[in-house]
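Below is final-v1.cif, holding mmCIF, C-alpha atoms.
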data_structure
#
loop_
_atom_site.label_atom_id
_atom_site.label_comp_id
_atom_site.auth_asym_id
_atom_site.auth_seq_id
_atom_site.Cartn_x
_atom_site.Cartn_y
_atom_site.Cartn_z
CA MET O 28 132.08 70.16 142.61
CA PRO O 29 135.52 68.94 143.79
CA LYS O 30 136.51 69.59 147.38
CA PRO O 31 139.06 72.45 147.66
CA LEU O 32 142.64 71.34 148.29
CA ILE O 33 143.13 72.92 151.70
CA TYR O 34 146.72 72.53 152.88
CA LYS O 35 147.87 74.27 156.04
CA GLY O 36 150.28 77.08 155.20
CA ARG O 37 149.28 77.20 151.52
CA ALA O 38 147.12 79.88 149.94
CA SER O 39 145.87 78.23 146.76
CA LEU O 40 142.82 75.96 146.91
CA SER O 41 143.46 74.24 143.59
CA ASN O 42 146.16 72.86 141.37
CA ALA O 43 144.60 73.08 137.92
CA ALA O 44 146.74 72.06 134.96
CA GLY O 45 148.74 74.81 133.28
CA ARG O 46 147.22 76.65 130.34
CA PHE O 47 149.59 74.98 127.87
CA GLU O 48 148.95 71.39 128.98
CA LYS O 49 147.03 69.09 126.60
CA GLN O 50 145.46 67.07 129.40
CA SER O 51 143.97 67.86 132.79
CA GLY O 52 142.53 65.82 135.62
CA GLN O 53 139.85 66.20 138.28
CA ALA O 54 139.49 64.33 141.55
CA GLU O 55 136.35 62.22 141.95
CA ASP O 56 134.98 60.46 145.02
CA ASP O 57 135.39 56.69 144.67
CA GLY O 58 132.53 55.97 147.06
CA TRP O 59 134.79 55.43 150.07
CA GLY O 60 134.85 59.06 151.16
CA SER O 61 138.44 59.47 150.00
CA LEU O 62 137.93 63.12 149.12
CA ASP O 63 136.80 63.87 152.67
CA ALA O 64 140.04 62.64 154.25
CA ASP O 65 142.44 65.18 155.73
CA LEU O 66 145.26 66.06 153.36
CA PRO O 67 148.86 65.38 154.44
CA PRO O 68 151.25 68.35 154.66
CA LEU O 69 152.34 69.57 151.23
CA ALA O 70 156.14 69.56 151.22
CA THR O 71 158.12 72.02 149.13
CA GLU O 72 159.98 70.40 146.24
CA VAL O 73 163.30 71.98 145.24
CA ILE O 74 164.15 71.69 141.54
CA VAL O 75 167.48 72.76 140.04
CA ASP O 76 167.15 75.36 137.29
CA SER O 77 169.89 74.72 134.73
CA SER O 78 169.53 78.03 132.86
CA ARG O 79 172.75 79.09 131.15
CA SER O 80 172.21 82.81 131.73
CA LEU O 81 171.01 84.82 134.69
CA ILE O 82 170.17 88.38 133.63
CA THR O 83 166.82 88.90 131.89
CA TYR O 84 166.43 91.95 129.67
CA ASN O 85 163.29 93.83 128.64
CA ASP O 86 162.57 96.84 126.46
CA SER O 87 159.13 97.68 127.85
CA PRO O 88 158.37 101.42 128.12
CA ASP O 89 156.18 100.64 131.15
CA ILE O 90 159.01 99.25 133.30
CA PRO O 91 161.63 101.56 134.88
CA PHE O 92 164.50 99.07 134.49
CA ASP O 93 165.81 97.08 131.54
CA ARG O 94 167.39 94.13 133.34
CA SER O 95 166.50 91.86 136.25
CA ILE O 96 167.50 88.70 138.10
CA ASN O 97 165.21 86.13 139.69
CA PRO O 98 167.17 83.57 141.76
CA TYR O 99 164.00 81.49 142.18
CA ARG O 100 161.07 80.51 139.95
CA GLY O 101 157.91 79.91 141.91
CA CYS O 102 157.58 81.36 145.40
CA GLU O 103 157.05 79.61 148.70
CA HIS O 104 155.48 82.74 150.21
CA GLY O 105 152.38 81.60 148.34
CA CYS O 106 150.72 85.03 148.01
CA ILE O 107 147.36 84.23 146.47
CA TYR O 108 147.30 87.48 144.43
CA CYS O 109 150.80 87.08 142.95
CA PHE O 110 150.95 88.18 139.31
CA ALA O 111 153.83 85.75 138.70
CA ARG O 112 151.70 82.64 139.22
CA PRO O 113 150.86 82.19 135.49
CA SER O 114 154.59 82.12 134.66
CA HIS O 115 154.77 78.62 136.19
CA ALA O 116 152.67 77.36 133.28
CA TYR O 117 155.64 77.89 130.97
CA LEU O 118 157.47 75.25 133.02
CA GLY O 119 154.64 72.72 132.77
CA TYR O 120 153.37 73.39 136.31
CA SER O 121 150.16 74.74 137.76
CA ALA O 122 149.74 78.36 138.77
CA GLY O 123 148.04 77.03 141.89
CA LEU O 124 149.70 74.83 144.50
CA ASP O 125 152.62 73.99 142.17
CA PHE O 126 153.66 77.65 142.12
CA GLU O 127 154.11 77.73 145.89
CA SER O 128 155.44 74.20 146.38
CA LYS O 129 157.59 73.40 143.30
CA ILE O 130 160.42 75.93 143.46
CA LEU O 131 163.19 76.12 140.87
CA VAL O 132 166.51 77.33 142.26
CA LYS O 133 169.60 78.61 140.47
CA PRO O 134 172.61 77.34 142.48
CA ASP O 135 175.08 78.63 139.85
CA ALA O 136 173.66 82.15 139.90
CA ALA O 137 176.79 83.86 141.26
CA ARG O 138 179.05 82.16 138.72
CA LEU O 139 176.73 83.01 135.84
CA LEU O 140 176.43 86.61 137.01
CA ARG O 141 180.18 87.08 137.27
CA ALA O 142 180.61 85.74 133.74
CA GLU O 143 177.92 88.00 132.30
CA LEU O 144 179.21 91.12 134.04
CA GLY O 145 182.71 90.30 132.77
CA LYS O 146 181.77 90.32 129.09
CA ARG O 147 183.37 93.12 127.06
CA SER O 148 179.97 93.95 125.59
CA TYR O 149 178.28 94.44 128.97
CA ARG O 150 177.16 97.99 129.82
CA CYS O 151 176.33 98.73 133.45
CA ALA O 152 172.80 99.73 134.50
CA PRO O 153 170.84 99.03 137.72
CA LEU O 154 169.81 95.41 138.22
CA ALA O 155 166.38 94.73 139.69
CA LEU O 156 165.91 91.71 141.96
CA GLY O 157 162.54 90.40 143.14
CA THR O 158 160.64 91.63 140.12
CA ASN O 159 158.87 88.31 139.51
CA THR O 160 159.25 86.17 142.63
CA ASP O 161 160.71 87.06 146.02
CA PRO O 162 164.51 86.60 146.21
CA TYR O 163 164.28 86.21 150.00
CA GLN O 164 161.65 83.48 150.20
CA PRO O 165 162.08 80.78 152.90
CA LEU O 166 164.38 78.54 150.80
CA GLU O 167 166.97 81.32 150.73
CA ARG O 168 167.84 80.59 154.37
CA ARG O 169 169.71 77.47 153.32
CA GLN O 170 170.28 78.09 149.59
CA ARG O 171 171.99 81.50 150.16
CA ILE O 172 171.81 82.28 146.44
CA MET O 173 170.85 85.91 147.03
CA ARG O 174 173.74 86.38 149.42
CA GLN O 175 176.17 85.11 146.79
CA ILE O 176 174.67 87.40 144.13
CA LEU O 177 175.08 90.42 146.40
CA GLU O 178 178.70 89.51 147.07
CA VAL O 179 179.40 89.61 143.32
CA LEU O 180 177.54 92.92 142.90
CA ALA O 181 179.38 94.49 145.84
CA GLU O 182 182.75 93.31 144.51
CA THR O 183 182.04 94.77 141.06
CA ARG O 184 180.38 97.94 142.44
CA HIS O 185 177.24 97.24 140.43
CA PRO O 186 173.99 99.12 141.29
CA VAL O 187 171.02 97.04 142.43
CA SER O 188 167.45 97.47 143.63
CA ILE O 189 165.56 94.82 145.61
CA VAL O 190 161.86 94.21 146.27
CA THR O 191 160.90 91.77 149.03
CA LYS O 192 158.39 91.10 151.79
CA SER O 193 160.82 89.03 153.85
CA ALA O 194 162.64 89.88 157.07
CA LEU O 195 165.46 87.60 155.88
CA ILE O 196 166.97 90.56 154.05
CA GLU O 197 168.32 91.70 157.44
CA ARG O 198 170.89 88.90 157.16
CA ASP O 199 172.58 90.78 154.32
CA LEU O 200 172.57 94.25 155.88
CA ASP O 201 176.36 94.18 156.11
CA ILE O 202 176.63 94.05 152.31
CA LEU O 203 173.65 96.28 151.56
CA ALA O 204 174.67 99.02 154.00
CA GLU O 205 178.11 99.31 152.44
CA MET O 206 176.64 99.38 148.93
CA ALA O 207 173.99 101.94 149.95
CA ALA O 208 176.70 104.20 151.37
CA GLN O 209 178.16 104.24 147.86
CA GLY O 210 174.77 104.93 146.27
CA LEU O 211 174.66 101.42 144.79
CA ALA O 212 171.71 99.79 146.58
CA SER O 213 168.04 100.49 147.27
CA VAL O 214 165.49 98.21 148.95
CA TYR O 215 161.70 98.26 148.72
CA LEU O 216 159.66 96.35 151.30
CA SER O 217 156.18 95.24 150.23
CA ILE O 218 153.60 95.64 153.02
CA THR O 219 150.16 94.62 151.76
CA THR O 220 148.14 94.97 154.95
CA LEU O 221 148.64 95.50 158.70
CA ASP O 222 145.86 93.01 159.50
CA ARG O 223 147.62 89.84 160.69
CA THR O 224 144.60 87.59 160.03
CA LEU O 225 144.22 88.88 156.50
CA ALA O 226 147.96 88.62 155.86
CA ARG O 227 147.95 84.99 157.03
CA ALA O 228 145.25 84.18 154.49
CA LEU O 229 146.70 86.15 151.58
CA GLU O 230 150.44 85.61 152.19
CA PRO O 231 150.69 82.47 154.32
CA ARG O 232 154.49 82.09 154.38
CA ALA O 233 155.60 85.70 154.16
CA ALA O 234 156.77 87.67 157.20
CA ALA O 235 154.01 89.02 159.47
CA PRO O 236 153.13 92.70 158.93
CA GLN O 237 154.69 93.82 162.23
CA ARG O 238 157.89 91.95 161.40
CA ARG O 239 158.07 93.76 158.07
CA LEU O 240 157.73 97.11 159.83
CA GLU O 241 160.61 96.12 162.10
CA THR O 242 162.70 95.19 159.06
CA LEU O 243 161.86 98.55 157.49
CA ALA O 244 163.14 100.28 160.61
CA HIS O 245 166.37 98.25 160.55
CA LEU O 246 166.92 99.10 156.89
#
Would you write the structure of this file as structure tokens?
Amino acid sequence: MPKPLIYKGRASLSNAAGRFEKQSGQAEDDGWGSLDADLPPLATEVIVDSSRSLITYNDSPDIPFDRSINPYRGCEHGCIYCFARPSHAYLGYSAGLDFESKILVKPDAARLLRAELGKRSYRCAPLALGTNTDPYQPLERRQRIMRQILEVLAETRHPVSIVTKSALIERDLDILAEMAAQGLASVYLSITTLDRTLARALEPRAAAPQRRLETLAHL
């Protein structure tokens, strides 16, 4: 049985090939104990997503919104239970370590959003953000894609709802507070457990439970 791929700060213990891949590989000991060696840190790889549209629509009767935006594909929070993991297979990546280390970003998100909202055929309805992967994952600190999206939504007075487990959302309270005062914004903070040890194992790069409670108070 192959040795688990234990990387510090990562939740997944494997990186099996995606379900749509024709080939897969498995590590084997070459007799020199190579599989027993400590693994180097697994760096996050940033990949540009060149999608030509930003808003995703759905007509599911089980979902309370018909449109959503995901600034990122894959999530560095690395929550081991994340239902979005299998979606990485559509990109040719693994639902395991690839999902939390190969992150696709949409640097043109604000421009694409402005263009889509400006179409004569567009009809306004609440936009949901964070429905697949977290819009405030660690990369957002320097990418600032979510901040730019909110600036467009605030300028156009467009309603939005956000789901996150990150304290980084506090950075954008200036925009969100003004929008909320107009009845245009709502935020949902996901708090899975108050046990710090359990949270570290399940959600290795998400905000600690106490920090999320503090963010909830600030909101």
Any chance you could resolve the PyMOL selection byres ((chain O and resi 197-212) around 9) against this file and give the residues as a list of chain:residue names?
-> O:Pro153, O:Met173, O:Arg174, O:Leu177, O:Glu178, O:Leu180, O:Ala181, O:Arg184, O:His185, O:Pro186, O:Val187, O:Ser188, O:Ile189, O:Ser193, O:Ala194, O:Leu195, O:Ile196, O:Ser213, O:Val214, O:Thr242, O:His245, O:Leu246
If you apply the PyMOL selection byres ((chain O and resi 70) around 12) to this file, what residues do you get, as a ChimeraX atom specification?
-> /O:34-37,66-69,71-73,103,124-125,127-130
Can you turn the PyMOL selection byres ((chain O and resi 94) around 7) into a concrete residue list for this file, as an MDAnalysis selection string?
-> chainID O and resid 82:85 92:93 95 154:155
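For the atom pair formed by atom CA of O:Ser77 and atom CA of O:Asp135, the distance is 8.3 Å, given to one decimal.
Nearest to O:Ala38 of all the residues O:Pro231, O:Pro165, O:Pro91, O:Gly52 is O:Pro231, based on all atoms listed in the file.
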Write out as a list in words the residues lying within 10 Å of O:Thr220, counting all atoms listed in the file and excluding same-chain residues fewer than 2 positions away.
-> Ser217, Ile218, Asp222, Arg223, Thr224, Leu225, Ala226, Leu229, Ala235, Pro236 and Gln237 of chain O
Using only C-alpha atoms, which of O:Ser39, O:Leu240, O:Leu221, O:Gly101 sits nearest O:Gly123?
->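 Checking each candidate against O:Gly123, we get O:Ser39 as the closest.
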With only C-alpha atoms as the atoms that count, which of O:Glu182, O:Asn159, O:His104, O:Ala43 lies nearest to O:Ala234?
->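 Ranked by minimum distance to O:Ala234, first place goes to O:His104.
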Residue nearest O:Gly45 - candidates O:Asp89, O:Tyr117, O:Phe110, O:Tyr215, atoms counted: all atoms listed in the file =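 For O:Gly45, the nearest of the candidates is O:Tyr117.
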Identify, on the basis of all atoms listed in the file, every residue whose closest approach to O:Gly119 does not exceed 9 Å; exclude the query and any residue fewer than 4 positions from it along the same chain; express the result as a ChimeraX atom specification.
-> /O:44-48,115
Could you work out how far atom CA of O:Val179 lies from atom CA of O:Ala142, giving the answer in Å with one decimal?
->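 Pair atom CA of O:Ala142 / atom CA of O:Val179 returns 10.4 Å.
Taking atom CA of O:Leu131 and atom CA of O:Ala228 as the two end points, the separation is 23.9 Å.
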Check the smallest atom-to-atom distance from each of O:Ser121, O:Ser114, O:Gln164, O:Asn97 to O:Lys133 using all atoms listed in the file, then report the winner.
-> O:Asn97
Distance criterion (all atoms listed in the file): nearest to O:Ala233 out of O:Pro113, O:Pro162, O:Pro88, O:Pro134 =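 The answer is O:Pro162, which sits nearest to O:Ala233.
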